[in-house]
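For reference, run.txt (compact mmCIF, C-alpha atoms):
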# COMPACT_ATOMS: atom_id res chain seq x y z
CA MET A 344 4.83 -25.39 28.15
CA ASN A 345 4.31 -25.22 31.92
CA GLU A 346 2.22 -27.58 34.04
CA ILE A 347 -0.93 -25.54 33.83
CA GLU A 348 -0.61 -25.14 30.05
CA LYS A 349 -0.14 -28.92 29.76
CA ALA A 350 -3.24 -29.53 31.80
CA ALA A 351 -5.21 -27.10 29.72
CA SER A 352 -4.06 -28.64 26.46
CA THR A 353 -4.86 -32.19 27.56
CA GLN A 354 -8.34 -31.08 28.57
CA ASN A 355 -8.72 -29.57 25.10
CA VAL A 356 -9.98 -26.26 26.41
CA PRO A 357 -11.64 -24.42 23.54
CA SER A 358 -10.47 -20.97 22.55
CA PRO A 359 -12.99 -18.17 23.13
CA VAL A 360 -13.63 -18.06 19.42
CA ALA A 361 -14.34 -21.77 19.23
CA TYR A 362 -16.47 -21.55 22.32
CA ALA A 363 -18.54 -18.72 20.90
CA THR A 364 -18.99 -20.62 17.67
CA ARG A 365 -20.10 -23.76 19.46
CA LYS A 366 -22.38 -22.13 21.95
CA GLY A 367 -23.60 -18.89 20.50
CA GLY A 368 -26.22 -18.51 23.18
CA THR A 369 -26.45 -16.04 26.04
CA SER A 370 -26.77 -18.31 29.04
CA ARG A 371 -25.58 -17.14 32.42
CA ILE A 372 -22.39 -19.16 32.00
CA ASP A 373 -21.81 -17.57 28.60
CA ARG A 374 -22.25 -14.10 30.01
CA ARG A 375 -19.84 -14.88 32.83
CA ARG A 376 -17.28 -16.20 30.37
CA ALA A 377 -17.68 -13.11 28.21
CA ARG A 378 -17.29 -10.86 31.26
CA THR A 379 -14.09 -12.61 32.31
CA GLU A 380 -12.69 -12.43 28.80
CA ARG A 381 -13.47 -8.74 28.61
CA SER A 382 -11.58 -8.18 31.85
CA ILE A 383 -8.61 -10.15 30.50
CA PHE A 384 -8.65 -8.12 27.26
CA ALA A 385 -8.85 -4.91 29.30
CA ALA A 386 -5.88 -6.05 31.40
CA LEU A 387 -3.98 -6.81 28.21
CA GLU A 388 -4.72 -3.35 26.79
CA SER A 389 -3.67 -1.75 30.03
CA LEU A 390 -0.38 -3.68 30.18
CA SER A 391 0.36 -2.90 26.54
CA SER A 392 0.52 0.81 27.34
CA TYR A 393 3.67 0.45 29.43
CA LEU A 394 5.00 -3.11 29.44
CA PRO A 395 7.45 -4.45 26.83
CA LEU A 396 5.95 -7.43 25.02
CA ASP A 397 8.76 -9.77 26.07
CA GLU A 398 7.89 -9.10 29.73
CA LEU A 399 4.27 -10.16 29.26
CA SER A 400 3.33 -13.26 31.26
CA VAL A 401 0.21 -15.09 32.31
CA ALA A 402 0.97 -14.16 35.91
CA ARG A 403 1.06 -10.44 35.02
CA ILE A 404 -2.24 -10.69 33.13
CA ALA A 405 -3.91 -12.68 35.88
CA GLU A 406 -2.82 -10.11 38.44
CA ALA A 407 -3.98 -7.17 36.30
CA ALA A 408 -7.32 -8.83 35.53
CA ASP A 409 -7.78 -9.89 39.15
CA ILE A 410 -8.18 -13.56 38.32
CA ASN A 411 -6.06 -16.58 39.09
CA ARG A 412 -3.94 -18.39 36.54
CA VAL A 413 -6.24 -21.42 36.42
CA THR A 414 -9.07 -19.13 35.34
CA PHE A 415 -6.85 -17.71 32.60
CA TYR A 416 -6.15 -21.19 31.28
CA ALA A 417 -9.83 -22.00 31.34
CA HIS A 418 -10.23 -19.33 28.65
CA PHE A 419 -6.98 -19.35 26.69
CA ARG A 420 -4.47 -22.04 25.88
CA ASN A 421 -1.47 -19.73 26.17
CA LEU A 422 -0.35 -16.13 25.56
CA ASP A 423 -0.38 -16.54 21.79
CA ASP A 424 -3.96 -17.75 21.98
CA LEU A 425 -4.85 -14.69 24.04
CA LEU A 426 -3.12 -12.25 21.66
CA ASP A 427 -4.88 -13.88 18.75
CA ALA A 428 -8.28 -13.65 20.41
CA ALA A 429 -7.68 -10.05 21.51
CA LEU A 430 -6.65 -9.13 17.98
CA LYS A 431 -9.80 -10.67 16.57
CA ALA A 432 -11.93 -8.95 19.21
CA ALA A 433 -10.40 -5.57 18.37
CA PHE A 434 -11.07 -6.03 14.66
CA ASP A 435 -14.60 -7.33 15.27
CA GLU A 436 -15.32 -4.28 17.38
CA ALA A 437 -13.94 -1.98 14.69
CA ALA A 438 -16.03 -3.71 12.02
CA ALA A 439 -19.12 -3.22 14.15
CA SER A 440 -18.37 0.50 14.34
CA MET A 441 -18.88 0.84 10.60
CA ALA A 442 -21.70 2.49 10.16
CA ASP A 443 -25.18 1.52 9.41
CA SER A 444 -25.99 4.98 10.72
CA PHE A 445 -24.96 6.22 7.28
CA ILE A 446 -27.52 4.00 5.64
CA ASP A 447 -29.41 6.94 4.11
CA GLU A 448 -26.33 8.56 2.70
CA THR A 449 -25.91 8.24 -1.01
CA ALA A 450 -22.67 10.15 -1.49
CA LEU A 451 -19.22 8.68 -1.69
CA GLU A 452 -18.35 10.64 1.44
CA ALA A 453 -20.53 8.17 3.35
CA VAL A 454 -18.21 5.36 2.31
CA GLY A 455 -15.31 7.57 3.34
CA GLU A 456 -16.97 7.96 6.71
CA ASN A 457 -16.88 4.16 7.05
CA VAL A 458 -13.13 4.32 6.53
CA ARG A 459 -12.75 7.02 9.17
CA ALA A 460 -14.96 5.20 11.70
CA TYR A 461 -13.12 1.93 11.14
CA ALA A 462 -9.70 3.54 11.48
CA ALA A 463 -10.70 5.38 14.64
CA ALA A 464 -11.99 2.17 16.22
CA ILE A 465 -8.86 0.25 15.29
CA LEU A 466 -6.54 2.98 16.52
CA ARG A 467 -8.17 2.99 19.94
CA HIS A 468 -6.16 -0.21 20.44
CA ARG A 469 -2.94 1.28 19.13
CA ALA A 470 -0.75 0.30 22.09
CA PHE A 471 -1.87 -3.31 21.83
CA LEU A 472 -1.57 -3.27 18.03
CA ARG A 473 1.93 -1.89 18.30
CA TRP A 474 2.73 -4.94 20.41
CA VAL A 475 1.35 -7.16 17.69
CA TYR A 476 3.28 -5.22 15.07
CA ASP A 477 6.49 -5.77 17.00
CA SER A 478 5.80 -9.48 17.36
CA SER A 479 5.84 -12.19 14.74
CA SER A 480 2.17 -11.52 13.96
CA ARG A 481 3.01 -8.55 11.72
CA ASP A 482 1.84 -10.24 8.51
CA ARG A 483 -1.41 -11.25 10.13
CA LEU A 484 -1.94 -7.69 11.33
CA ALA A 485 -1.32 -6.37 7.81
CA ALA A 486 -3.79 -8.88 6.38
CA LEU A 487 -6.47 -8.05 8.95
CA LEU A 488 -6.04 -4.32 8.43
CA GLY A 489 -6.21 -4.69 4.66
CA GLU A 490 -9.31 -6.86 4.87
CA GLY A 491 -10.96 -4.43 7.30
CA PHE A 492 -10.38 -1.45 5.06
CA ARG A 493 -11.53 -3.39 2.03
CA SER A 494 -14.75 -4.19 3.85
CA ALA A 495 -15.14 -0.53 4.83
CA LEU A 496 -14.64 0.55 1.23
CA GLU A 497 -16.85 -2.05 -0.35
CA ARG A 498 -19.69 -1.49 2.04
CA ARG A 499 -22.34 0.16 -0.04
CA ILE A 500 -19.91 1.41 -2.64
CA GLY A 501 -21.86 -0.51 -5.27
CA ALA A 502 -24.99 1.39 -4.33
CA VAL A 503 -23.22 4.73 -4.44
CA VAL A 504 -21.12 4.17 -7.54
CA SER A 505 -22.89 2.84 -10.60
CA THR A 506 -20.66 4.45 -13.19
CA CYS A 507 -18.03 1.73 -13.36
CA SER A 508 -17.89 -2.04 -13.44
CA ALA A 509 -17.84 -4.30 -10.39
CA ARG A 510 -14.39 -5.47 -11.47
CA ARG A 511 -13.04 -1.95 -11.40
CA ARG A 512 -14.62 -1.25 -8.03
CA GLY A 513 -13.11 -4.47 -6.71
CA LEU A 514 -9.64 -3.61 -8.00
CA PHE A 515 -9.89 -0.12 -6.59
CA ALA A 516 -10.93 -1.46 -3.18
CA GLN A 517 -8.15 -4.04 -3.26
CA TYR A 518 -5.35 -1.60 -4.01
CA THR A 519 -6.66 1.24 -1.88
CA SER A 520 -7.27 -0.95 1.16
CA GLY A 521 -3.66 -2.15 0.95
CA GLY A 522 -2.50 1.46 0.88
CA LEU A 523 -4.65 2.47 3.83
CA ALA A 524 -3.43 -0.55 5.83
CA SER A 525 0.15 0.39 5.03
CA LEU A 526 -0.45 3.93 6.27
CA VAL A 527 -1.77 2.61 9.58
CA LEU A 528 1.11 0.15 9.91
CA GLY A 529 3.55 3.00 9.30
CA PHE A 530 1.81 4.96 12.02
CA LEU A 531 1.98 2.03 14.45
CA ALA A 532 5.67 1.60 13.70
CA GLY A 533 6.23 5.31 14.29
CA GLU A 534 7.59 5.65 10.77
CA SER A 535 5.09 8.03 9.27
CA ALA A 536 3.16 11.14 10.12
CA PRO A 537 0.70 12.03 11.45
CA SER A 538 1.52 11.15 15.01
CA ASP A 539 -1.94 11.72 16.43
CA VAL A 540 -4.69 9.09 16.26
CA ASP A 541 -7.55 11.46 15.49
CA GLU A 542 -5.50 13.24 12.90
CA LEU A 543 -4.73 9.96 11.17
CA ALA A 544 -8.36 8.82 11.28
CA ASP A 545 -9.39 12.13 9.71
CA PHE A 546 -6.61 11.96 7.17
CA LEU A 547 -7.46 8.54 5.74
CA PRO A 548 -10.72 9.55 4.00
CA LYS A 549 -8.96 12.64 2.66
CA ALA A 550 -6.33 10.35 1.23
CA TRP A 551 -8.93 8.10 -0.30
CA LEU A 552 -11.73 10.29 -1.57
CA PRO A 553 -10.04 12.48 -4.21
CA SER A 554 -8.69 9.42 -5.90
CA ALA A 555 -11.99 7.60 -5.61
CA TYR A 556 -13.86 10.34 -7.44
CA MET A 557 -11.55 10.07 -10.41
CA VAL A 558 -10.87 6.33 -10.44
CA LEU A 559 -14.52 5.41 -10.10
CA GLY A 560 -15.51 7.93 -12.74
CA ILE A 561 -17.70 10.20 -10.67
CA GLY A 562 -15.92 13.41 -11.57
CA ASP A 563 -12.81 15.45 -11.06
CA ARG A 564 -12.65 16.17 -7.35
CA GLY A 565 -9.02 15.39 -6.72
CA GLY A 566 -5.53 16.18 -7.79
CA THR A 567 -3.19 18.81 -6.61
CA MET B 915 24.11 37.24 -46.83
CA ARG B 916 24.20 38.34 -43.26
CA THR B 917 20.67 37.00 -42.69
CA SER B 918 21.59 33.61 -44.04
CA HIS B 919 24.56 33.46 -41.65
CA ILE B 920 22.33 34.22 -38.74
CA LEU B 921 19.83 31.57 -39.84
CA ALA B 922 22.63 29.05 -40.30
CA ALA B 923 24.00 29.84 -36.85
CA ALA B 924 20.55 29.52 -35.29
CA LEU B 925 19.99 26.21 -37.06
CA ALA B 926 23.37 24.91 -35.90
CA ALA B 927 22.64 26.00 -32.33
CA ALA B 928 19.26 24.29 -32.41
CA THR B 929 20.79 21.10 -33.81
CA LEU B 930 23.52 21.07 -31.19
CA ALA B 931 20.99 21.69 -28.44
CA GLY B 932 18.96 18.74 -29.72
CA CYS B 933 22.03 16.52 -29.69
CA ALA B 934 23.23 17.62 -26.27
CA PRO B 935 22.90 14.77 -23.80
CA THR B 936 20.15 15.23 -21.23
CA ARG B 937 21.57 15.52 -17.78
CA ILE B 938 20.56 12.52 -15.73
CA GLY B 939 20.09 13.10 -12.06
CA PRO B 940 17.74 12.94 -9.12
CA ALA B 941 14.91 15.39 -8.61
CA PRO B 942 15.54 18.12 -6.04
CA ALA B 943 14.65 17.16 -2.48
CA GLY B 944 11.01 17.58 -1.57
CA LEU B 945 7.66 16.35 -2.80
CA HIS B 946 6.91 16.48 -6.49
CA THR B 947 3.46 15.70 -7.83
CA ARG B 948 2.39 15.10 -11.38
CA VAL B 949 0.29 17.85 -12.91
CA ALA B 950 -1.55 16.04 -15.68
CA THR B 951 -3.60 12.97 -14.86
CA ALA B 952 -3.98 11.87 -18.50
CA ILE B 953 -0.57 10.61 -19.59
CA THR B 954 0.39 9.09 -22.92
CA TYR B 955 3.49 6.93 -22.81
CA TYR B 956 5.63 5.51 -25.60
CA LEU B 957 7.76 2.40 -25.78
CA ASP B 958 11.18 1.98 -27.33
CA LYS B 959 10.90 0.33 -30.74
CA ALA B 960 13.60 -2.11 -29.63
CA ALA B 961 11.03 -3.84 -27.42
CA GLY B 962 9.52 -7.13 -28.55
CA ASP B 963 5.84 -8.00 -28.53
CA ALA B 964 6.01 -9.89 -25.24
CA LEU B 965 7.73 -7.00 -23.50
CA GLU B 966 5.20 -4.57 -24.92
CA LEU B 967 2.42 -6.62 -23.40
CA GLY B 968 4.11 -6.60 -19.99
CA VAL B 969 4.73 -2.85 -20.18
CA ARG B 970 1.18 -2.07 -21.19
CA GLU B 971 -0.27 -4.28 -18.46
CA SER B 972 1.92 -2.52 -15.90
CA PHE B 973 0.66 0.92 -16.88
CA GLN B 974 -2.88 -0.45 -17.00
CA MET B 975 -2.52 -1.61 -13.41
CA TRP B 976 -1.62 1.89 -12.26
CA SER B 977 -4.50 3.31 -14.30
CA GLU B 978 -6.93 1.00 -12.52
CA ALA B 979 -5.61 1.80 -9.06
CA THR B 980 -5.08 5.56 -9.23
CA MET B 981 -6.46 8.76 -10.66
CA PHE B 982 -3.87 8.67 -13.43
CA LYS B 983 -4.97 7.49 -16.84
CA PHE B 984 -2.07 6.09 -18.80
CA SER B 985 -2.60 5.46 -22.49
CA TYR B 986 -0.22 3.77 -24.87
CA GLY B 987 1.10 5.90 -27.72
CA GLY B 988 2.98 3.19 -29.61
CA ARG B 989 6.61 2.31 -30.30
CA VAL B 990 9.03 5.08 -31.15
CA SER B 991 12.75 5.74 -31.42
CA ALA B 992 12.93 6.46 -27.73
CA ARG B 993 15.65 8.54 -26.13
CA ILE B 994 16.32 10.29 -22.86
CA ALA B 995 15.24 13.83 -23.50
CA ARG B 996 12.78 16.42 -22.41
CA ASP B 997 10.82 16.13 -25.60
CA GLY B 998 7.25 16.25 -24.32
CA ARG B 999 6.88 12.46 -24.39
CA ASP B 1000 6.91 9.96 -21.54
CA GLU B 1001 9.00 7.09 -22.83
CA VAL B 1002 10.16 3.67 -21.72
CA VAL B 1003 13.70 3.49 -23.09
CA ILE B 1004 15.66 0.26 -23.46
CA MET B 1005 19.30 1.21 -22.85
CA ARG B 1006 21.90 -1.03 -24.51
CA HIS B 1007 24.52 1.28 -23.05
CA TRP B 1008 23.68 2.29 -19.52
CA PRO B 1009 24.48 5.95 -18.75
CA GLN B 1010 27.77 6.31 -16.93
CA GLU B 1011 26.17 8.63 -14.38
CA LEU B 1012 24.14 5.69 -13.06
CA PRO B 1013 25.44 2.61 -11.26
CA ILE B 1014 25.68 -0.34 -13.63
CA GLY B 1015 24.00 -2.54 -10.99
CA ASP B 1016 20.78 -0.56 -11.12
CA ALA B 1017 18.12 -2.19 -13.28
CA ALA B 1018 16.11 0.93 -14.02
CA TRP B 1019 15.94 4.67 -13.53
CA CYS B 1020 13.09 7.11 -13.76
CA GLN B 1021 14.19 10.50 -15.02
CA VAL B 1022 11.63 13.15 -14.17
CA TYR B 1023 11.47 16.64 -15.65
CA LEU B 1024 10.04 19.39 -13.48
CA ASP B 1025 8.58 22.80 -14.17
CA ALA B 1026 9.52 25.94 -12.28
CA ALA B 1027 7.01 25.10 -9.54
CA GLY B 1028 8.60 21.70 -8.95
CA LYS B 1029 5.74 19.76 -10.54
CA ILE B 1030 6.49 16.76 -12.72
CA ARG B 1031 5.79 17.51 -16.36
CA GLU B 1032 7.37 14.49 -18.00
CA ALA B 1033 9.16 11.29 -17.08
CA ASP B 1034 11.28 8.78 -18.96
CA ILE B 1035 11.83 5.29 -17.62
CA LEU B 1036 15.21 3.81 -18.52
CA LEU B 1037 15.71 0.05 -18.51
CA ASN B 1038 19.25 -1.24 -18.08
CA ALA B 1039 19.53 -3.78 -20.91
CA GLN B 1040 23.32 -3.68 -20.71
CA ALA B 1041 23.49 -5.49 -17.40
CA PHE B 1042 20.07 -7.13 -17.14
CA SER B 1043 17.60 -9.03 -19.25
CA PHE B 1044 13.88 -8.57 -18.77
CA THR B 1045 11.07 -11.06 -18.94
CA THR B 1046 7.35 -10.98 -18.35
CA ARG B 1047 5.02 -12.90 -16.07
CA ARG B 1048 3.91 -14.96 -19.07
CA GLU B 1049 7.43 -15.91 -20.17
CA ALA B 1050 9.10 -16.06 -16.72
CA LYS B 1051 12.55 -16.60 -18.18
CA PRO B 1052 14.79 -17.72 -15.29
CA GLY B 1053 17.50 -15.24 -14.33
CA SER B 1054 15.71 -12.27 -15.94
CA LEU B 1055 13.87 -9.53 -14.11
CA PHE B 1056 10.11 -9.33 -14.35
CA ILE B 1057 9.31 -6.17 -16.28
CA GLU B 1058 6.06 -5.88 -14.31
CA ASP B 1059 8.03 -5.87 -11.06
CA VAL B 1060 10.45 -3.20 -12.24
CA LEU B 1061 7.80 -0.99 -13.81
CA GLU B 1062 5.56 -1.18 -10.75
CA LYS B 1063 8.22 0.83 -8.92
CA GLU B 1064 9.29 3.06 -11.80
CA ILE B 1065 5.77 4.08 -12.89
CA GLY B 1066 5.18 5.06 -9.27
CA ARG B 1067 8.27 7.27 -9.49
CA SER B 1068 6.97 8.86 -12.68
CA ILE B 1069 4.10 10.27 -10.60
CA GLY B 1070 6.37 11.30 -7.76
CA LEU B 1071 6.38 8.29 -5.42
CA GLY B 1072 9.70 7.43 -3.81
CA LEU B 1073 11.83 9.48 -6.17
CA LYS B 1074 15.47 8.71 -5.61
CA THR B 1075 17.50 11.49 -4.10
CA ASP B 1076 20.76 9.72 -4.80
CA VAL B 1077 21.81 8.27 -8.15
CA SER B 1078 23.87 5.62 -6.40
CA ALA B 1079 20.81 4.06 -4.72
CA ILE B 1080 20.05 0.67 -6.26
CA ASP B 1081 16.73 -1.15 -6.25
CA ASP B 1082 17.01 -4.82 -5.54
CA TYR B 1083 14.79 -6.72 -7.98
CA ARG B 1084 14.69 -10.48 -7.66
CA PRO B 1085 15.45 -12.54 -10.80
CA ALA B 1086 12.78 -14.96 -11.98
CA GLN B 1087 13.16 -18.52 -10.70
CA PRO B 1088 12.46 -21.61 -12.82
CA GLY B 1089 8.74 -22.29 -12.90
CA GLU B 1090 7.95 -19.20 -10.89
CA ALA B 1091 4.43 -17.80 -11.16
CA PHE B 1092 4.76 -14.05 -10.69
CA GLU B 1093 1.61 -12.17 -9.78
CA PRO B 1094 1.95 -8.45 -10.52
CA GLY B 1095 0.45 -5.98 -8.11
CA ILE B 1096 1.02 -2.58 -6.58
CA ASP B 1097 3.00 -2.64 -3.36
CA PRO B 1098 0.78 -1.44 -0.47
CA ALA B 1099 3.61 0.87 0.60
CA ASP B 1100 3.54 2.50 -2.85
CA MET B 1101 -0.23 2.87 -2.64
CA ALA B 1102 0.18 4.43 0.81
CA ALA B 1103 2.69 6.88 -0.65
CA TYR B 1104 0.30 7.67 -3.50
CA LEU B 1105 -2.63 8.23 -1.13
CA SER B 1106 -0.51 10.50 1.05
CA LEU B 1107 0.97 12.50 -1.82
CA TYR B 1108 -2.30 13.13 -3.61
CA ALA B 1109 -4.56 13.51 -0.60
CA THR B 1110 -6.68 16.63 -0.50
CA ASP B 1111 -9.53 17.74 1.63
CA PRO B 1112 -12.64 16.51 -0.21
CA LYS B 1113 -14.53 19.59 0.93
CA SER B 1114 -11.99 21.95 -0.58
Could you rewrite the structure in this file as structure tokens?
Amino acid sequence: MNEIEKAASTQNVPSPVAYATRKGGTSRIDRRRARTERSIFAALESLSSYLPLDELSVARIAEAADINRVTFYAHFRNLDDLLDAALKAAFDEAAASMADSFIDETALEAVGENVRAYAAAILRHRAFLRWVYDSSSRDRLAALLGEGFRSALERRIGAVVSTCSARRRGLFAQYTSGGLASLVLGFLAGESAPSDVDELADFLPKAWLPSAYMVLGIGDRGGT
Amino acid sequence: MRTSHILAAALAAATLAGCAPTRIGPAPAGLHTRVATAITYYLDKAAGDALELGVRESFQMWSEATMFKFSYGGRVSARIARDGRDEVVIMRHWPQELPIGDAAWCQVYLDAAGKIREADILLNAQAFSFTTRREAKPGSLFIEDVLEKEIGRSIGLGLKTDVSAIDDYRPAQPGEAFEPGIDPADMAAYLSLYATDPKS
């Protein structure tokens, strides 16, 4: 821990998440904080596209975000704190992209569209997520991805599917979300096709829907 | 007289064919999907009640997670053969073609188009003992853990291309609480293998 980190820790600077929880308002100071954090996240995304993770430093981020290091430490305790907050922000943004616009849809395809929208939003951050995948946060990334896909699947599935029990729907969402998360992790690791983000986002509902029709008892729409 | 000789020869040929050992080996390279989604499986009559429960729960888990509907057909005199039945066979003598250190093997039978028509799951009872999540006998392998992988293979997921490849299953530890589940990587493989365009 360097001098500035020590100072920050002794002053008990809250993380952005804690700050948002405590404040929750939209005062001018809040907006300024949010703006600065967005610029730091943007700098992080930009650096992740070309910089190896082990070369990441507060100085590099401060330079890229056009702030000084003291400002950085006013927002984040250290690099891990920043990565954690950026990860949460990316997943929050992806969750928000799921899709109340499909509120009138009653077909299972609408739930599949949630999966596609969520995956597309997540994969916009693929360079940063690949960093996270390569770091010790891999398990956390897997858990967040699984939870995100489960949320995408469960959203309104009860309203669309009434032919099977809630337990069965829950089990299906649990197993399928794990599979979808694993597909994305394989993509991030460069281990599995497809190699293109849009192609993957389009593929995921195709992977999910045929099975869903049969597992959830709607009819035979799948199989090869 | 001549007719009876022909009949006798045909009967002998059929008997010998029935006794001929089924060749154990990996499926040809490539992707192989299962044609039927409703599958009845049978269990070796050598299995005890506890093992039967673990086996049935394992198939049930795959039924709940995928489009395949596995139903239990009962205990039979199971053997490795293309006999129209999917069987879980407890092998007191592990086939010499397979490495003795491998706990299980899924033998799939394909049709001319390369689709899986039948699969037998062999359990290596010569070198391993099997337990269930309820019994958790230390030093034994959880049958739910082994079958999670092998049932996946019976529908084409991660079929071995090399008989010498060995799966590493962890023996039960004293007091261990094992929670069965389908590996997300296996679900990913399933979703990929059986994905189709919903509009098609």
Would you compute an axis-aligned box for segment 1027-1039 of chain B, covering every atom listed for it in the file with 4 Å of margin on each side, and report centre and edge lengths in Å to one decimal as JSON?
{"center_x": 12.6, "center_y": 10.7, "center_z": -14.9, "size_x": 21.8, "size_y": 36.9, "size_z": 20.0}
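In this comparison, which uses all atoms listed in the file, the residue of A:Gly501, A:Gly489, A:Pro395, A:Gly529 approaching Val454 of chain A most closely is A:Gly501.
In terms of minimum interatomic distance to chain A, B:Ala1109 ranks closest within B:Ala960, B:Ala1109, B:Val969, B:Val990, counting all atoms listed in the file.
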Q: Could the residues of chain B within 12 Å of chain A, counting only C-alpha atoms, be given as a PyMOL selection string, please?
A: chain B and resi 945-952+974-983+1029-1030+1069+1094-1114
Q: Record the distance separating atom CA of Val458 of chain A and atom CA of Glu497 of chain A, expressed in Å with one decimal.
A: 10.1 Å
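Reported to one decimal place, the separation of atom CA of Ala377 of chain A from atom CA of Arg469 of chain A is 22.5 Å.
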Q. By how many Å are atom CA of Gly1053 of chain B and atom CA of Asp1082 of chain B apart?
A. 13.6 Å
Q | Nearest to Leu1012 of chain B, chosen from B:Leu1037, B:Ala961, B:Ile938, B:Leu1055, with all atoms listed in the file counted in the distances | A | B:Ile938
Q: Pick out the residues sitting within 9 Å of Arg999 of chain B, and hand them over as number ranges by chain; count all atoms listed in the file, and ignore anything fewer than 6 positions along from it in its own chain.
A: B: 954-956, 1032-1034
Q. Using all atoms listed in the file, which residues sit within 10 Å of Ser400 of chain A once same-chain residues fewer than 5 positions away are excluded, as a PyMOL selection string?
A. chain A and resi 405-406+421-422
Q.
Tell me which residues come within 10 Å of (15.6, -9.0, -16.2), as an MDAnalysis selection string, counting all atoms listed in the file in the file's coordinates.
A. chainID B and resid 1017 1037:1039 1041:1046 1050:1057 1059:1060 1083:1086
